[in-house]
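File shown: structure-v5.cif. Contents: mmCIF, N, CA and C atoms and all ligand atoms.
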data_work
#
loop_
_atom_site.label_atom_id
_atom_site.label_comp_id
_atom_site.auth_asym_id
_atom_site.auth_seq_id
_atom_site.Cartn_x
_atom_site.Cartn_y
_atom_site.Cartn_z
N MET A 1184 94.09 41.60 107.86
CA MET A 1184 94.30 40.73 106.68
C MET A 1184 95.32 41.38 105.75
N VAL A 1185 96.43 40.74 105.58
CA VAL A 1185 97.46 41.29 104.71
C VAL A 1185 97.66 40.41 103.49
N HIS A 1186 98.30 40.98 102.49
CA HIS A 1186 98.45 40.29 101.21
C HIS A 1186 99.75 39.52 101.13
N TYR A 1187 100.44 39.39 102.25
CA TYR A 1187 101.72 38.66 102.22
C TYR A 1187 101.80 37.78 103.46
N ASP A 1188 102.75 36.87 103.45
CA ASP A 1188 102.94 35.94 104.56
C ASP A 1188 103.91 36.57 105.56
N ALA A 1189 103.34 37.29 106.52
CA ALA A 1189 104.15 38.07 107.45
C ALA A 1189 105.16 37.21 108.21
N ALA A 1190 104.74 36.03 108.61
CA ALA A 1190 105.63 35.16 109.39
C ALA A 1190 106.84 34.74 108.55
N ALA A 1191 106.58 34.38 107.29
CA ALA A 1191 107.67 33.94 106.42
C ALA A 1191 108.60 35.10 106.10
N ILE A 1192 108.01 36.28 105.87
CA ILE A 1192 108.81 37.46 105.55
C ILE A 1192 109.68 37.83 106.76
N ARG A 1193 109.08 37.80 107.94
CA ARG A 1193 109.84 38.14 109.14
C ARG A 1193 111.03 37.19 109.33
N GLN A 1194 110.75 35.92 109.07
CA GLN A 1194 111.81 34.92 109.21
C GLN A 1194 112.96 35.21 108.25
N ARG A 1195 112.59 35.55 107.03
CA ARG A 1195 113.63 35.86 106.03
C ARG A 1195 114.42 37.10 106.40
N LEU A 1196 113.69 38.13 106.83
CA LEU A 1196 114.36 39.39 107.18
C LEU A 1196 115.28 39.19 108.38
N GLU A 1197 114.81 38.38 109.33
CA GLU A 1197 115.65 38.16 110.51
C GLU A 1197 116.89 37.35 110.15
N ALA A 1198 116.73 36.40 109.24
CA ALA A 1198 117.89 35.63 108.77
C ALA A 1198 118.87 36.55 108.04
N ASP A 1199 118.33 37.44 107.21
CA ASP A 1199 119.17 38.42 106.49
C ASP A 1199 119.89 39.33 107.48
N ARG A 1200 119.16 39.79 108.48
CA ARG A 1200 119.76 40.70 109.46
C ARG A 1200 120.93 40.01 110.17
N GLN A 1201 120.68 38.76 110.56
CA GLN A 1201 121.72 37.99 111.25
C GLN A 1201 122.95 37.81 110.36
N ARG A 1202 122.70 37.47 109.10
CA ARG A 1202 123.80 37.24 108.16
C ARG A 1202 124.60 38.53 107.96
N LEU A 1203 123.89 39.64 107.82
CA LEU A 1203 124.57 40.92 107.58
C LEU A 1203 125.34 41.37 108.82
N GLU A 1204 124.72 41.16 109.99
CA GLU A 1204 125.42 41.55 111.22
C GLU A 1204 126.70 40.74 111.38
N ASP A 1205 126.62 39.45 111.09
CA ASP A 1205 127.81 38.59 111.17
C ASP A 1205 128.87 39.05 110.18
N ASP A 1206 128.39 39.35 108.97
CA ASP A 1206 129.30 39.78 107.90
C ASP A 1206 130.03 41.06 108.30
N ILE A 1207 129.28 42.03 108.79
CA ILE A 1207 129.87 43.31 109.18
C ILE A 1207 130.83 43.10 110.36
N TYR A 1208 130.40 42.27 111.30
CA TYR A 1208 131.23 42.00 112.46
C TYR A 1208 132.57 41.39 112.05
N GLN A 1209 132.48 40.41 111.14
CA GLN A 1209 133.72 39.74 110.71
C GLN A 1209 134.63 40.68 109.94
N ARG A 1210 134.02 41.52 109.11
CA ARG A 1210 134.84 42.46 108.34
C ARG A 1210 135.51 43.49 109.23
N THR A 1211 134.79 43.97 110.23
CA THR A 1211 135.39 44.98 111.10
C THR A 1211 136.44 44.35 111.99
N GLN A 1212 136.24 43.09 112.38
CA GLN A 1212 137.28 42.38 113.14
C GLN A 1212 138.53 42.22 112.28
N GLY A 1213 138.31 41.82 111.03
CA GLY A 1213 139.40 41.60 110.08
C GLY A 1213 140.24 42.84 109.87
N ASP A 1214 139.57 44.00 109.81
CA ASP A 1214 140.28 45.26 109.60
C ASP A 1214 141.33 45.48 110.67
N GLU A 1215 140.97 45.16 111.91
CA GLU A 1215 141.90 45.37 113.00
C GLU A 1215 143.12 44.46 112.88
N ALA A 1216 142.89 43.27 112.37
CA ALA A 1216 143.98 42.29 112.27
C ALA A 1216 144.96 42.64 111.15
N VAL A 1217 144.51 43.36 110.12
CA VAL A 1217 145.38 43.59 108.97
C VAL A 1217 145.86 45.04 108.87
N ILE A 1218 145.88 45.76 109.97
CA ILE A 1218 146.42 47.11 109.94
C ILE A 1218 147.89 47.02 109.52
N PRO A 1219 148.25 47.69 108.41
CA PRO A 1219 149.62 47.55 107.91
C PRO A 1219 150.63 48.18 108.87
N SER A 1220 151.79 47.59 108.92
CA SER A 1220 152.82 48.14 109.79
C SER A 1220 153.26 49.49 109.24
N ASP A 1221 153.70 50.37 110.10
CA ASP A 1221 154.13 51.71 109.72
C ASP A 1221 155.28 51.61 108.73
N PRO A 1222 155.09 52.09 107.49
CA PRO A 1222 156.15 51.93 106.48
C PRO A 1222 157.42 52.71 106.82
N ILE A 1223 157.30 53.78 107.62
CA ILE A 1223 158.48 54.59 107.96
C ILE A 1223 159.41 53.81 108.89
N SER A 1224 158.86 53.08 109.82
CA SER A 1224 159.69 52.30 110.74
C SER A 1224 160.35 51.14 110.02
N ASP A 1225 159.85 50.81 108.85
CA ASP A 1225 160.38 49.68 108.09
C ASP A 1225 161.36 50.21 107.04
N SER A 1226 162.33 51.03 107.47
CA SER A 1226 163.20 51.73 106.52
C SER A 1226 164.47 50.95 106.22
N GLY A 1227 164.42 49.65 106.32
CA GLY A 1227 165.57 48.81 106.00
C GLY A 1227 165.88 48.79 104.50
N GLY A 1228 165.07 49.45 103.72
CA GLY A 1228 165.33 49.51 102.29
C GLY A 1228 164.76 48.34 101.54
N THR A 1229 163.93 47.55 102.17
CA THR A 1229 163.31 46.43 101.47
C THR A 1229 162.20 46.93 100.59
N ARG A 1230 162.51 46.99 99.31
CA ARG A 1230 161.47 47.37 98.35
C ARG A 1230 160.88 46.11 97.75
N GLY A 1231 159.93 46.31 96.84
CA GLY A 1231 159.34 45.16 96.18
C GLY A 1231 158.06 44.71 96.86
N HIS A 1232 157.70 45.41 97.91
CA HIS A 1232 156.43 45.08 98.56
C HIS A 1232 155.28 45.90 98.00
N SER A 1233 155.63 46.84 97.12
CA SER A 1233 154.61 47.80 96.71
C SER A 1233 153.43 47.12 96.00
N ALA A 1234 153.73 46.14 95.16
CA ALA A 1234 152.64 45.46 94.45
C ALA A 1234 151.75 44.74 95.45
N GLU A 1235 152.41 44.11 96.41
CA GLU A 1235 151.69 43.39 97.44
C GLU A 1235 150.82 44.36 98.26
N GLU A 1236 151.46 45.52 98.57
CA GLU A 1236 150.72 46.52 99.33
C GLU A 1236 149.54 47.06 98.53
N ALA A 1237 149.79 47.25 97.24
CA ALA A 1237 148.71 47.74 96.38
C ALA A 1237 147.56 46.74 96.36
N ASP A 1238 147.93 45.45 96.29
CA ASP A 1238 146.90 44.42 96.34
C ASP A 1238 146.12 44.48 97.64
N ALA A 1239 146.86 44.66 98.73
CA ALA A 1239 146.23 44.71 100.04
C ALA A 1239 145.29 45.92 100.11
N MET A 1240 145.77 47.04 99.54
CA MET A 1240 144.94 48.24 99.53
C MET A 1240 143.67 48.01 98.72
N ALA A 1241 143.83 47.39 97.55
CA ALA A 1241 142.67 47.11 96.70
C ALA A 1241 141.69 46.20 97.42
N ASP A 1242 142.25 45.21 98.12
CA ASP A 1242 141.40 44.31 98.89
C ASP A 1242 140.63 45.08 99.95
N ALA A 1243 141.36 45.98 100.63
CA ALA A 1243 140.75 46.76 101.68
C ALA A 1243 139.63 47.63 101.12
N GLU A 1244 139.91 48.21 99.94
CA GLU A 1244 138.89 49.06 99.33
C GLU A 1244 137.67 48.25 98.93
N ARG A 1245 137.93 47.08 98.34
CA ARG A 1245 136.82 46.20 97.97
C ARG A 1245 136.04 45.84 99.21
N SER A 1246 136.77 45.51 100.26
CA SER A 1246 136.14 45.09 101.50
C SER A 1246 135.30 46.23 102.09
N ASN A 1247 135.84 47.46 102.01
CA ASN A 1247 135.10 48.61 102.50
C ASN A 1247 133.83 48.83 101.71
N LEU A 1248 133.94 48.60 100.40
CA LEU A 1248 132.79 48.77 99.52
C LEU A 1248 131.71 47.77 99.91
N VAL A 1249 132.12 46.51 100.08
CA VAL A 1249 131.18 45.47 100.48
C VAL A 1249 130.60 45.78 101.84
N LEU A 1250 131.47 46.27 102.72
CA LEU A 1250 131.04 46.61 104.07
C LEU A 1250 129.99 47.71 104.02
N GLY A 1251 130.24 48.71 103.18
CA GLY A 1251 129.27 49.79 103.01
C GLY A 1251 127.95 49.26 102.50
N ASN A 1252 128.03 48.37 101.51
CA ASN A 1252 126.80 47.77 100.97
C ASN A 1252 126.06 46.98 102.04
N SER A 1253 126.82 46.21 102.82
CA SER A 1253 126.20 45.40 103.86
C SER A 1253 125.50 46.29 104.88
N ARG A 1254 126.16 47.41 105.22
CA ARG A 1254 125.57 48.32 106.21
C ARG A 1254 124.30 48.94 105.67
N THR A 1255 124.32 49.35 104.39
CA THR A 1255 123.14 49.94 103.78
C THR A 1255 122.00 48.92 103.77
N LEU A 1256 122.35 47.69 103.37
CA LEU A 1256 121.37 46.62 103.31
C LEU A 1256 120.80 46.33 104.70
N LEU A 1257 121.69 46.31 105.67
CA LEU A 1257 121.25 46.04 107.04
C LEU A 1257 120.25 47.11 107.51
N GLU A 1258 120.52 48.36 107.16
CA GLU A 1258 119.59 49.44 107.50
C GLU A 1258 118.22 49.18 106.88
N GLN A 1259 118.24 48.74 105.61
CA GLN A 1259 116.98 48.48 104.90
C GLN A 1259 116.23 47.31 105.52
N VAL A 1260 116.99 46.28 105.91
CA VAL A 1260 116.38 45.10 106.52
C VAL A 1260 115.78 45.47 107.88
N ARG A 1261 116.54 46.27 108.66
CA ARG A 1261 116.04 46.69 109.97
C ARG A 1261 114.78 47.55 109.82
N ALA A 1262 114.80 48.43 108.82
CA ALA A 1262 113.63 49.29 108.58
C ALA A 1262 112.43 48.45 108.20
N ALA A 1263 112.66 47.40 107.41
CA ALA A 1263 111.56 46.52 106.99
C ALA A 1263 110.98 45.79 108.20
N LEU A 1264 111.85 45.33 109.10
CA LEU A 1264 111.38 44.66 110.31
C LEU A 1264 110.56 45.63 111.17
N GLN A 1265 111.02 46.87 111.20
CA GLN A 1265 110.30 47.91 111.94
C GLN A 1265 108.90 48.10 111.36
N ARG A 1266 108.84 48.11 110.02
CA ARG A 1266 107.54 48.29 109.36
C ARG A 1266 106.62 47.09 109.62
N LEU A 1267 107.22 45.89 109.72
CA LEU A 1267 106.43 44.71 110.07
C LEU A 1267 105.82 44.90 111.45
N ASP A 1268 106.62 45.46 112.35
CA ASP A 1268 106.15 45.68 113.72
C ASP A 1268 105.04 46.72 113.79
N ASP A 1269 105.20 47.80 113.03
CA ASP A 1269 104.19 48.86 113.15
C ASP A 1269 103.06 48.75 112.13
N GLY A 1270 103.09 47.68 111.32
CA GLY A 1270 101.95 47.40 110.45
C GLY A 1270 101.94 48.14 109.13
N THR A 1271 103.02 48.85 108.80
CA THR A 1271 103.05 49.56 107.52
C THR A 1271 103.78 48.75 106.46
N TYR A 1272 104.27 47.57 106.84
CA TYR A 1272 105.03 46.76 105.90
C TYR A 1272 104.17 46.31 104.73
N GLY A 1273 104.78 46.28 103.54
CA GLY A 1273 104.11 45.72 102.37
C GLY A 1273 103.31 46.75 101.59
N PHE A 1274 103.35 48.02 102.05
CA PHE A 1274 102.66 49.07 101.32
C PHE A 1274 103.67 50.08 100.81
N CYS A 1275 103.43 50.53 99.59
CA CYS A 1275 104.34 51.46 98.95
C CYS A 1275 104.42 52.74 99.77
N GLN A 1276 105.65 53.19 100.02
CA GLN A 1276 105.82 54.39 100.83
C GLN A 1276 105.60 55.66 100.01
N ARG A 1277 105.35 55.49 98.73
CA ARG A 1277 105.13 56.66 97.90
C ARG A 1277 103.64 56.84 97.60
N CYS A 1278 102.97 55.74 97.16
CA CYS A 1278 101.57 55.87 96.78
C CYS A 1278 100.63 55.14 97.74
N GLY A 1279 101.19 54.34 98.64
CA GLY A 1279 100.37 53.68 99.66
C GLY A 1279 99.67 52.41 99.20
N LYS A 1280 99.85 52.06 97.92
CA LYS A 1280 99.23 50.83 97.43
C LYS A 1280 100.01 49.61 97.93
N PRO A 1281 99.33 48.47 98.03
CA PRO A 1281 100.06 47.26 98.46
C PRO A 1281 101.13 46.89 97.44
N ILE A 1282 102.29 46.52 97.96
CA ILE A 1282 103.36 46.04 97.08
C ILE A 1282 103.04 44.58 96.74
N GLU A 1283 103.21 44.21 95.48
CA GLU A 1283 102.88 42.86 95.05
C GLU A 1283 103.61 41.83 95.90
N ALA A 1284 102.91 40.77 96.28
CA ALA A 1284 103.49 39.72 97.11
C ALA A 1284 104.73 39.11 96.43
N ARG A 1285 104.66 39.01 95.10
CA ARG A 1285 105.79 38.44 94.37
C ARG A 1285 107.03 39.30 94.52
N ARG A 1286 106.80 40.61 94.49
CA ARG A 1286 107.91 41.55 94.64
C ARG A 1286 108.50 41.46 96.06
N LEU A 1287 107.63 41.34 97.03
CA LEU A 1287 108.10 41.22 98.41
C LEU A 1287 108.89 39.93 98.61
N GLU A 1288 108.46 38.89 97.89
CA GLU A 1288 109.20 37.63 97.99
C GLU A 1288 110.61 37.78 97.43
N ALA A 1289 110.69 38.52 96.32
CA ALA A 1289 111.99 38.71 95.67
C ALA A 1289 112.84 39.72 96.45
N LEU A 1290 112.17 40.71 97.05
CA LEU A 1290 112.88 41.82 97.69
C LEU A 1290 112.13 42.18 98.98
N PRO A 1291 112.37 41.42 100.05
CA PRO A 1291 111.54 41.58 101.26
C PRO A 1291 111.66 42.97 101.90
N TYR A 1292 112.71 43.72 101.57
CA TYR A 1292 112.86 45.04 102.20
C TYR A 1292 112.47 46.16 101.24
N ALA A 1293 111.72 45.81 100.18
CA ALA A 1293 111.27 46.82 99.22
C ALA A 1293 110.37 47.85 99.92
N VAL A 1294 110.57 49.13 99.58
CA VAL A 1294 109.73 50.17 100.18
C VAL A 1294 108.73 50.74 99.18
N TYR A 1295 108.95 50.48 97.89
CA TYR A 1295 108.04 50.98 96.87
C TYR A 1295 107.50 49.82 96.05
N ASP A 1296 106.34 50.02 95.44
CA ASP A 1296 105.89 49.05 94.45
C ASP A 1296 106.70 49.28 93.17
N LEU A 1297 106.52 48.37 92.23
CA LEU A 1297 107.36 48.40 91.04
C LEU A 1297 107.24 49.73 90.30
N GLU A 1298 106.00 50.20 90.20
CA GLU A 1298 105.72 51.43 89.48
C GLU A 1298 106.48 52.62 90.09
N CYS A 1299 106.37 52.76 91.40
CA CYS A 1299 107.01 53.88 92.08
C CYS A 1299 108.53 53.71 92.11
N GLN A 1300 108.97 52.47 92.22
CA GLN A 1300 110.41 52.21 92.19
C GLN A 1300 111.03 52.78 90.93
N GLU A 1301 110.33 52.55 89.81
CA GLU A 1301 110.85 53.06 88.54
C GLU A 1301 110.85 54.58 88.51
N ILE A 1302 109.79 55.17 89.05
CA ILE A 1302 109.70 56.64 89.09
C ILE A 1302 110.81 57.21 89.97
N VAL A 1303 110.98 56.61 91.14
CA VAL A 1303 111.99 57.09 92.08
C VAL A 1303 113.37 56.96 91.47
N GLU A 1304 113.62 55.83 90.79
CA GLU A 1304 114.94 55.65 90.17
C GLU A 1304 115.18 56.67 89.07
N ARG A 1305 114.13 56.98 88.33
CA ARG A 1305 114.26 58.01 87.29
C ARG A 1305 114.58 59.36 87.91
N GLU A 1306 113.92 59.64 89.04
CA GLU A 1306 114.12 60.94 89.69
C GLU A 1306 115.51 61.08 90.29
N THR A 1307 116.06 59.96 90.78
CA THR A 1307 117.36 60.04 91.46
C THR A 1307 118.52 59.82 90.50
N THR A 1308 118.23 59.31 89.29
CA THR A 1308 119.31 59.11 88.32
C THR A 1308 119.40 60.34 87.41
N PRO A 1309 120.54 60.95 87.34
CA PRO A 1309 120.68 62.15 86.54
C PRO A 1309 120.51 61.88 85.03
ZN ZN B 1 103.74 53.16 94.72
#
Could the structure of this file be written out as structure tokens, please?
Ligand SMILES: [Zn+2]
Amino acid sequence: MVHYDAAAIRQRLEADRQRLEDDIYQRTQGDEAVIPSDPISDSGGTRGHSAEEADAMADAERSNLVLGNSRTLLEQVRAALQRLDDGTYGFCQRCGKPIEARRLEALPYAVYDLECQEIVERETTP
């Protein structure tokens, strides 16, 4: 007997996993398509691309940031699915108390209850 709707949570986590995998796949595919041409071979003296290149670089950096976030999130989603499988899902990994169903609904891959989340954040924030 658990305090959450395991079937609904699993469905959500699997949908999230699928979405994140697609997202990461598309971003990594995109990276290959936009590899900039070697600037040295392009020595015809055409300047004025620098702003454009800077934009492209900024886009790439933003994309990498999002990609990193997606990967981190995907790890959390996969770990949550693993916990659903082994029966530890929905319990705080710090104090072992059940995580509130409302919190799980809002954050299906939560590993701590609200109380411990705050403590952990305080400990990890300088
Ligand atoms: Zn706790």
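Minimum atom-to-atom distance to Arg1277 of chain A, evaluated using all atoms listed in the file, belongs to A:Tyr1295 out of A:Gln1209, A:Met1240, A:Tyr1295, A:Glu1197.
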| task | Name the closest residue to ligand ZN 1 (chain B) among the candidates A:Ile1192, A:Ala1293, A:Cys1275, A:Thr1308; distances are taken between atoms, counting only C-alpha atoms and all ligand atoms. | result | A:Cys1275
Could you list, as a JSON list (two decimals) with N, CA and C atoms, keeping the file's coordinate frame, all residues that come within 6.5 Å of ligand ZN 1 (chain B)? Count only N, CA and C atoms and all ligand atoms.
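Once everything was written out, this is result.json:
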[["chain", "number", "residue", "atom", "x", "y", "z"],
["A", 1275, "CYS", "N", 103.43, 50.53, 99.59],
["A", 1275, "CYS", "CA", 104.34, 51.46, 98.95],
["A", 1275, "CYS", "C", 104.42, 52.74, 99.77],
["A", 1276, "GLN", "N", 105.65, 53.19, 100.02],
["A", 1276, "GLN", "CA", 105.82, 54.39, 100.83],
["A", 1276, "GLN", "C", 105.60, 55.66, 100.01],
["A", 1277, "ARG", "N", 105.35, 55.49, 98.73],
["A", 1277, "ARG", "CA", 105.13, 56.66, 97.90],
["A", 1277, "ARG", "C", 103.64, 56.84, 97.60],
["A", 1278, "CYS", "N", 102.97, 55.74, 97.16],
["A", 1278, "CYS", "CA", 101.57, 55.87, 96.78],
["A", 1278, "CYS", "C", 100.63, 55.14, 97.74],
["A", 1279, "GLY", "N", 101.19, 54.34, 98.64],
["A", 1279, "GLY", "CA", 100.37, 53.68, 99.66],
["A", 1279, "GLY", "C", 99.67, 52.41, 99.20],
["A", 1280, "LYS", "N", 99.85, 52.06, 97.92],
["A", 1280, "LYS", "CA", 99.23, 50.83, 97.43],
["A", 1280, "LYS", "C", 100.01, 49.61, 97.93],
["A", 1295, "TYR", "N", 108.95, 50.48, 97.89],
["A", 1295, "TYR", "CA", 108.04, 50.98, 96.87],
["A", 1295, "TYR", "C", 107.50, 49.82, 96.05],
["A", 1296, "ASP", "N", 106.34, 50.02, 95.44],
["A", 1296, "ASP", "CA", 105.89, 49.05, 94.45],
["A", 1296, "ASP", "C", 106.70, 49.28, 93.17],
["A", 1297, "LEU", "N", 106.52, 48.37, 92.23],
["A", 1297, "LEU", "CA", 107.36, 48.40, 91.04],
["A", 1297, "LEU", "C", 107.24, 49.73, 90.30],
["A", 1298, "GLU", "N", 106.00, 50.20, 90.20],
["A", 1298, "GLU", "CA", 105.72, 51.43, 89.48],
["A", 1298, "GLU", "C", 106.48, 52.62, 90.09],
["A", 1299, "CYS", "N", 106.37, 52.76, 91.40],
["A", 1299, "CYS", "CA", 107.01, 53.88, 92.08],
["A", 1299, "CYS", "C", 108.53, 53.71, 92.11],
["A", 1300, "GLN", "N", 108.97, 52.47, 92.22],
["A", 1300, "GLN", "CA", 110.41, 52.21, 92.19],
["A", 1300, "GLN", "C", 111.03, 52.78, 90.93]]
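Atom CA of Asn1247 of chain A sits 23.2 Å away from atom CA of Leu1196 of chain A.
For the pair atom N of Tyr1208 of chain A and atom N of Ala1263 of chain A, the separation is 18.9 Å.
Atom to atom, atom CA of Tyr1272 of chain A and atom N of Glu1301 of chain A stand 17.9 Å apart.
Residue nearest Ala1262 of chain A within the list A:Ala1189, A:Ala1289, A:Ile1282, A:Val1294: A:Val1294 [criterion: smallest interatomic distance, only C-alpha atoms].
Of the residues under consideration (A:Leu1290, A:Arg1200, A:Asp1206, A:Thr1211), A:Arg1200 shows the shortest atom-to-atom contact distance to Arg1261 of chain A when counting all atoms listed in the file.
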| field | Filtered DSSP result for segment 1261-1294 of chain A, state alpha helix (DSSP H), as an MDAnalysis selection string | value | chainID A and resid 1261:1269 1284:1289
The selected residues should be written to file as a compact mmCIF listing (two decimals), in the frame of the given file (atoms: N, CA and C atoms).
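What follows is the written file out_5.txt:
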# COMPACT_ATOMS: atom_id res chain seq x y z
N ARG A 1261 116.54 46.27 108.66
CA ARG A 1261 116.04 46.69 109.97
C ARG A 1261 114.78 47.55 109.82
N ALA A 1262 114.80 48.43 108.82
CA ALA A 1262 113.63 49.29 108.58
C ALA A 1262 112.43 48.45 108.20
N ALA A 1263 112.66 47.40 107.41
CA ALA A 1263 111.56 46.52 106.99
C ALA A 1263 110.98 45.79 108.20
N LEU A 1264 111.85 45.33 109.10
CA LEU A 1264 111.38 44.66 110.31
C LEU A 1264 110.56 45.63 111.17
N GLN A 1265 111.02 46.87 111.20
CA GLN A 1265 110.30 47.91 111.94
C GLN A 1265 108.90 48.10 111.36
N ARG A 1266 108.84 48.11 110.02
CA ARG A 1266 107.54 48.29 109.36
C ARG A 1266 106.62 47.09 109.62
N LEU A 1267 107.22 45.89 109.72
CA LEU A 1267 106.43 44.71 110.07
C LEU A 1267 105.82 44.90 111.45
N ASP A 1268 106.62 45.46 112.35
CA ASP A 1268 106.15 45.68 113.72
C ASP A 1268 105.04 46.72 113.79
N ASP A 1269 105.20 47.80 113.03
CA ASP A 1269 104.19 48.86 113.15
C ASP A 1269 103.06 48.75 112.13
N ALA A 1284 102.91 40.77 96.28
CA ALA A 1284 103.49 39.72 97.11
C ALA A 1284 104.73 39.11 96.43
N ARG A 1285 104.66 39.01 95.10
CA ARG A 1285 105.79 38.44 94.37
C ARG A 1285 107.03 39.30 94.52
N ARG A 1286 106.80 40.61 94.49
CA ARG A 1286 107.91 41.55 94.64
C ARG A 1286 108.50 41.46 96.06
N LEU A 1287 107.63 41.34 97.03
CA LEU A 1287 108.10 41.22 98.41
C LEU A 1287 108.89 39.93 98.61
N GLU A 1288 108.46 38.89 97.89
CA GLU A 1288 109.20 37.63 97.99
C GLU A 1288 110.61 37.78 97.43
N ALA A 1289 110.69 38.52 96.32
CA ALA A 1289 111.99 38.71 95.67
C ALA A 1289 112.84 39.72 96.45
Centre and edges of the segment 1284-1289 of chain A box, axis-aligned, 3 Å extra per side, as lines of an AutoDock Vina configuration file:
center_x = 107.9
center_y = 39.6
center_z = 96.5
size_x = 15.9
size_y = 9.9
size_z = 10.2
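The smallest atom-to-atom distance between Arg1285 of chain A and any of A:Val1303, A:Arg1193, A:His1186, A:Arg1245, using all atoms listed in the file, is found for A:His1186.
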| note | Nearest to Asn1252 of chain A, restricted to only C-alpha atoms and choosing among A:Leu1203, A:Leu1287, A:Asp1268, A:Arg1305, comes out as A:Leu1203
